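Take a look at the structure set out below.
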Amino acid sequence: MPHPYVLLSAAVSLDGYLDDTGPERLLLSSPADFDRVDEVRASVDAILIGAGTVRADNPRLLVNSPERRAARTAAGLPEYPLKVTVSGSGDLDPAAQFWHTGGEKVLYTTDKGAERARALGLATDVVPLGADLDWRRLLTHLHDVRGVRRLMVEGGGLIHTQLLTQGLADELQLVLAPLFVGDPEAPRLFGPGGYQSGRLRLLETRRIEDVVLMRYEPTAPGTGPLPVAADHHWLALACELAAQCPPSDTAFSVGAVVVAVDGTELARGHSREGGDPVVHAEEAALAKTDPADPRLAGATVYSSLEPCARRASRPAPCARLILDAGVRRVVTAWREPDTFVAEADGSGVLAAGGVEVVVLPEHEERAKAPNRHLPH
């Protein structure tokens, strides 16, 4: 299901701590970085923190700049982003500043936690997620019911760890502060867990007074039927490649990317690439890989359109090429319509050959865009 773009934001000491164990919150960011965070808050639809952060820091979680709040209202947005917190128990202080400042608030909790939260009279919309907290269900609710398209997550460490290990974080904005904490009892940013393999992609580094901002995005594909954030990034790239295709009235414009399990891009291609009027995107991409490359067995093929099951221009359709390459996972945005081939079912051919096919319909409109001129 569609999720918001999830941006994790945190500041840490050089030895990876979020705070010390003193009675006052340890200020890790510089004044200029606090202003940057305020700017990011003003740009999102919702800000999320965990119950532990509500209890430990008693934050207001506001956009502090009057000019930024005015710009939001001028754009037809609420003055403040939606404030979100998560608590399995629902046991939170009704007097906390979180509930009594800013605009709308929502608490995601369990069925039992919802009973407790309502009994406490918390000044918030209470949304139970079932017997246990479910991040995918939470993000889907934020997207579909609350209209959240960009979500900023400000902690704590457990929340960041869960979102990263479940492959639900689209971006990490990490600020490194020039000090050490060194207390093993102090909270750390990331805990142990089953993190995805591979290196994150560095998007930006920026010096802000005496701290350094680093922005990263995950690159490793998912490994099963549930999509991860990187799947959306790679499929978006495939849709961009589709837009680069030479136009045709007799064939689809499609983009494809082949990505190893660690997030390494192995190849990319698009329809009619290199002046070949009949080459398909997946065919063009796979032709650039070494058939003996052991990484293909764990790779994911991202294609803006479902790989073809039948074609007249070449002996082997793209579904067959994918199977022959040993790829066992395909992510696509759009099932092939009957424009040129009746009852095409590349996904069925792939599934019968043991390939996991994941369809992300939220990318369908981008995949269709370069094909709007075609019938049906």
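Chain labels A, B, ... are given in the sequence in which chains occur in the structure tokens; within each chain residues are numbered consecutively from 1, and ligands are likewise numbered from 1 in the order shown.
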When DSSP works through the backbone of this structure, what residues of segment 122-272 of chain A end up as alpha helix (DSSP H), shown as JSON, numbers by chain? {"A": [135, 136, 137, 138, 139, 140, 141, 142, 143, 144, 157, 158, 159, 160, 161, 162, 163, 164, 165, 229, 230, 231, 232, 233, 234, 235, 236, 237, 238, 239, 240, 241, 242]}
Write a file of the selected residues as a compact mmCIF listing (two decimals), in the first residue's frame, keeping N, CA and C atoms.
# COMPACT_ATOMS: atom_id res chain seq x y z
N TRP A 135 4.07 -1.09 11.69
CA TRP A 135 4.54 0.13 11.03
C TRP A 135 3.96 0.29 9.65
N ARG A 136 3.80 -0.78 8.90
CA ARG A 136 3.24 -0.66 7.55
C ARG A 136 1.78 -0.20 7.61
N ARG A 137 1.05 -0.74 8.55
CA ARG A 137 -0.34 -0.31 8.69
C ARG A 137 -0.41 1.14 9.14
N LEU A 138 0.50 1.53 10.04
CA LEU A 138 0.54 2.92 10.51
C LEU A 138 0.82 3.87 9.34
N LEU A 139 1.83 3.55 8.53
CA LEU A 139 2.20 4.43 7.43
C LEU A 139 1.09 4.50 6.37
N THR A 140 0.44 3.38 6.13
CA THR A 140 -0.68 3.38 5.19
C THR A 140 -1.81 4.26 5.70
N HIS A 141 -2.11 4.19 6.99
CA HIS A 141 -3.16 5.03 7.57
C HIS A 141 -2.79 6.50 7.45
N LEU A 142 -1.55 6.84 7.74
CA LEU A 142 -1.11 8.24 7.61
C LEU A 142 -1.29 8.72 6.18
N HIS A 143 -0.94 7.88 5.22
CA HIS A 143 -1.03 8.26 3.82
C HIS A 143 -2.48 8.37 3.34
N ASP A 144 -3.26 7.33 3.60
CA ASP A 144 -4.60 7.24 3.01
C ASP A 144 -5.64 8.04 3.77
N GLY A 157 15.76 6.38 19.25
CA GLY A 157 16.58 5.38 18.61
C GLY A 157 15.84 4.11 18.24
N LEU A 158 14.91 3.66 19.10
CA LEU A 158 14.16 2.44 18.81
C LEU A 158 13.30 2.61 17.56
N ILE A 159 12.67 3.79 17.44
CA ILE A 159 11.84 4.05 16.26
C ILE A 159 12.69 4.05 14.99
N HIS A 160 13.84 4.75 15.05
CA HIS A 160 14.72 4.78 13.89
C HIS A 160 15.20 3.37 13.51
N THR A 161 15.55 2.58 14.51
CA THR A 161 16.02 1.22 14.27
C THR A 161 14.93 0.39 13.60
N GLN A 162 13.72 0.47 14.11
CA GLN A 162 12.62 -0.34 13.56
C GLN A 162 12.33 0.05 12.11
N LEU A 163 12.29 1.33 11.82
CA LEU A 163 11.98 1.76 10.45
C LEU A 163 13.08 1.38 9.47
N LEU A 164 14.32 1.47 9.90
CA LEU A 164 15.43 1.08 9.02
C LEU A 164 15.48 -0.44 8.81
N THR A 165 15.33 -1.20 9.87
CA THR A 165 15.43 -2.66 9.74
C THR A 165 14.25 -3.22 8.95
N ALA A 229 11.78 0.77 1.00
CA ALA A 229 11.90 2.12 0.45
C ALA A 229 12.75 2.15 -0.82
N ALA A 230 13.84 1.38 -0.83
CA ALA A 230 14.72 1.39 -2.00
C ALA A 230 14.01 0.88 -3.25
N ASP A 231 13.03 -0.01 -3.10
CA ASP A 231 12.27 -0.48 -4.25
C ASP A 231 11.59 0.69 -4.95
N HIS A 232 11.08 1.63 -4.19
CA HIS A 232 10.42 2.80 -4.77
C HIS A 232 11.44 3.69 -5.50
N HIS A 233 12.62 3.85 -4.90
CA HIS A 233 13.64 4.67 -5.55
C HIS A 233 14.03 4.09 -6.92
N TRP A 234 14.28 2.77 -6.96
CA TRP A 234 14.73 2.15 -8.21
C TRP A 234 13.62 2.12 -9.25
N LEU A 235 12.38 1.89 -8.81
CA LEU A 235 11.29 1.87 -9.78
C LEU A 235 11.04 3.28 -10.33
N ALA A 236 11.20 4.28 -9.50
CA ALA A 236 11.10 5.67 -9.99
C ALA A 236 12.15 5.93 -11.06
N LEU A 237 13.36 5.39 -10.88
CA LEU A 237 14.40 5.54 -11.89
C LEU A 237 13.99 4.85 -13.19
N ALA A 238 13.40 3.66 -13.09
CA ALA A 238 12.93 2.97 -14.29
C ALA A 238 11.89 3.80 -15.03
N CYS A 239 11.01 4.47 -14.28
CA CYS A 239 10.01 5.34 -14.92
C CYS A 239 10.68 6.54 -15.59
N GLU A 240 11.74 7.07 -14.98
CA GLU A 240 12.49 8.16 -15.62
C GLU A 240 13.12 7.69 -16.94
N LEU A 241 13.64 6.48 -16.95
CA LEU A 241 14.24 5.94 -18.17
C LEU A 241 13.18 5.75 -19.25
N ALA A 242 11.97 5.38 -18.85
CA ALA A 242 10.89 5.22 -19.82
C ALA A 242 10.61 6.53 -20.55
Would you kindly return, as a list in words, each protein, DNA or RNA residue with an atom no farther than 10 Å from any atom of Leu202 of chain A, considering only C-alpha atoms and excluding same-chain residues fewer than 6 positions away?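 Surrounding residues, per the criterion: Glu171, Leu172, Met214, Arg215, Tyr216, Glu217 and Pro218 of chain A.
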Selection: 7 Å around Asp262 of chain A, only C-alpha atoms, excl. self and same-chain fewer than 4 positions, as an MDAnalysis selection string: chainID A and resid 197:198 220
Could you write out the selected residues, including N, CA and C atoms, as a compact mmCIF listing (two decimals), in the first residue's frame?
# COMPACT_ATOMS: atom_id res chain seq x y z
N SER A 197 21.37 -5.32 3.78
CA SER A 197 22.77 -5.35 3.37
C SER A 197 23.08 -4.16 2.48
N GLY A 198 24.36 -3.95 2.24
CA GLY A 198 24.78 -2.93 1.29
C GLY A 198 25.03 -1.58 1.92
N ALA A 220 19.51 -0.94 -1.03
CA ALA A 220 19.32 -2.39 -1.16
C ALA A 220 17.87 -2.73 -1.43
Would you kindly return, as JSON, numbers by chain, each protein, DNA or RNA residue with an atom no farther than 10 Å from any atom of Gly274 of chain A, considering only C-alpha atoms and excluding same-chain residues fewer than 3 positions away? {"A": [245, 246, 269, 270, 271, 277, 279, 284]}
Residues near Ala177 of chain A, anyone? I mean within 9 Å using only C-alpha atoms, not counting same-chain ones fewer than 5 positions away, as a PDB file with N, CA and C atoms, in the first residue's frame.
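New file out_7.pdb:
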ATOM      1  N   ALA A  11      20.498  13.824  15.543  1.00  0.00           N
ATOM      2  CA  ALA A  11      21.836  14.349  15.821  1.00  0.00           C
ATOM      3  C   ALA A  11      22.497  13.429  16.830  1.00  0.00           C
ATOM      4  N   VAL A  12      23.777  13.106  16.592  1.00  0.00           N
ATOM      5  CA  VAL A  12      24.489  12.178  17.470  1.00  0.00           C
ATOM      6  C   VAL A  12      25.875  12.705  17.799  1.00  0.00           C
ATOM      7  N   SER A  13      26.389  12.201  18.901  1.00  0.00           N
ATOM      8  CA  SER A  13      27.779  12.498  19.263  1.00  0.00           C
ATOM      9  C   SER A  13      28.712  11.701  18.361  1.00  0.00           C
ATOM     10  N   LEU A  14      30.012  11.978  18.443  1.00  0.00           N
ATOM     11  CA  LEU A  14      30.983  11.250  17.627  1.00  0.00           C
ATOM     12  C   LEU A  14      30.987   9.759  17.941  1.00  0.00           C
ATOM     13  N   LEU A  28      22.987  18.670  21.035  1.00  0.00           N
ATOM     14  CA  LEU A  28      24.004  18.212  20.104  1.00  0.00           C
ATOM     15  C   LEU A  28      24.106  19.117  18.877  1.00  0.00           C
ATOM     16  N   SER A  29      22.997  19.687  18.431  1.00  0.00           N
ATOM     17  CA  SER A  29      23.010  20.531  17.242  1.00  0.00           C
ATOM     18  C   SER A  29      23.496  21.933  17.570  1.00  0.00           C
ATOM     19  N   SER A  30      23.923  22.637  16.532  1.00  0.00           N
ATOM     20  CA  SER A  30      24.297  24.041  16.663  1.00  0.00           C
ATOM     21  C   SER A  30      23.060  24.905  16.432  1.00  0.00           C
ATOM     22  N   ASP A 210      29.707  24.077  13.733  1.00  0.00           N
ATOM     23  CA  ASP A 210      30.670  23.045  14.127  1.00  0.00           C
ATOM     24  C   ASP A 210      30.121  21.627  14.002  1.00  0.00           C
ATOM     25  N   VAL A 211      28.970  21.448  13.350  1.00  0.00           N
ATOM     26  CA  VAL A 211      28.435  20.108  13.122  1.00  0.00           C
ATOM     27  C   VAL A 211      28.426  19.824  11.623  1.00  0.00           C
ATOM     28  N   VAL A 212      28.240  18.558  11.275  1.00  0.00           N
ATOM     29  CA  VAL A 212      28.206  18.143   9.874  1.00  0.00           C
ATOM     30  C   VAL A 212      26.905  17.394   9.613  1.00  0.00           C
TER      31      VAL A 212
END
Do a neighbour search on Val359 of chain A at 10 Å with only C-alpha atoms, toss out local chain neighbours closer than 4 positions, and write the hits as an MDAnalysis selection string. chainID A and resid 225:227 303:306 330:335 347 363:364
Can you list, as a count of residues only, every residue of segment 274-328 of chain A that DSSP puts in strand (DSSP E or B)? 4
Residues at most 9 Å from Pro370 of chain A, counting only C-alpha atoms, excluding those fewer than 5 positions away in the same chain, as number ranges by chain? A: 242-245, 247, 252-254
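Shortest separation to Thr109 of chain A among A:Val148, A:Ala51, A:Ala10, A:Leu266 occurs at residue A:Ala51, atoms counted being only C-alpha atoms.
The coordinates place atom CA of Glu343 of chain A at 29.1 Å from atom CA of Ala267 of chain A.
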Find the residue from A:Thr53, A:Ala32, A:Val258, A:Val228 that sits nearest to Tyr5 of chain A; use only C-alpha atoms when measuring.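 The shortest atom-to-atom distance to Tyr5 of chain A comes from A:Val228.
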Just to confirm, what's the straight-line distance from atom CA of Leu120 of chain A to atom CA of Thr21 of chain A in Å (one decimal)?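 Interatomic distance here is 28.7 Å.
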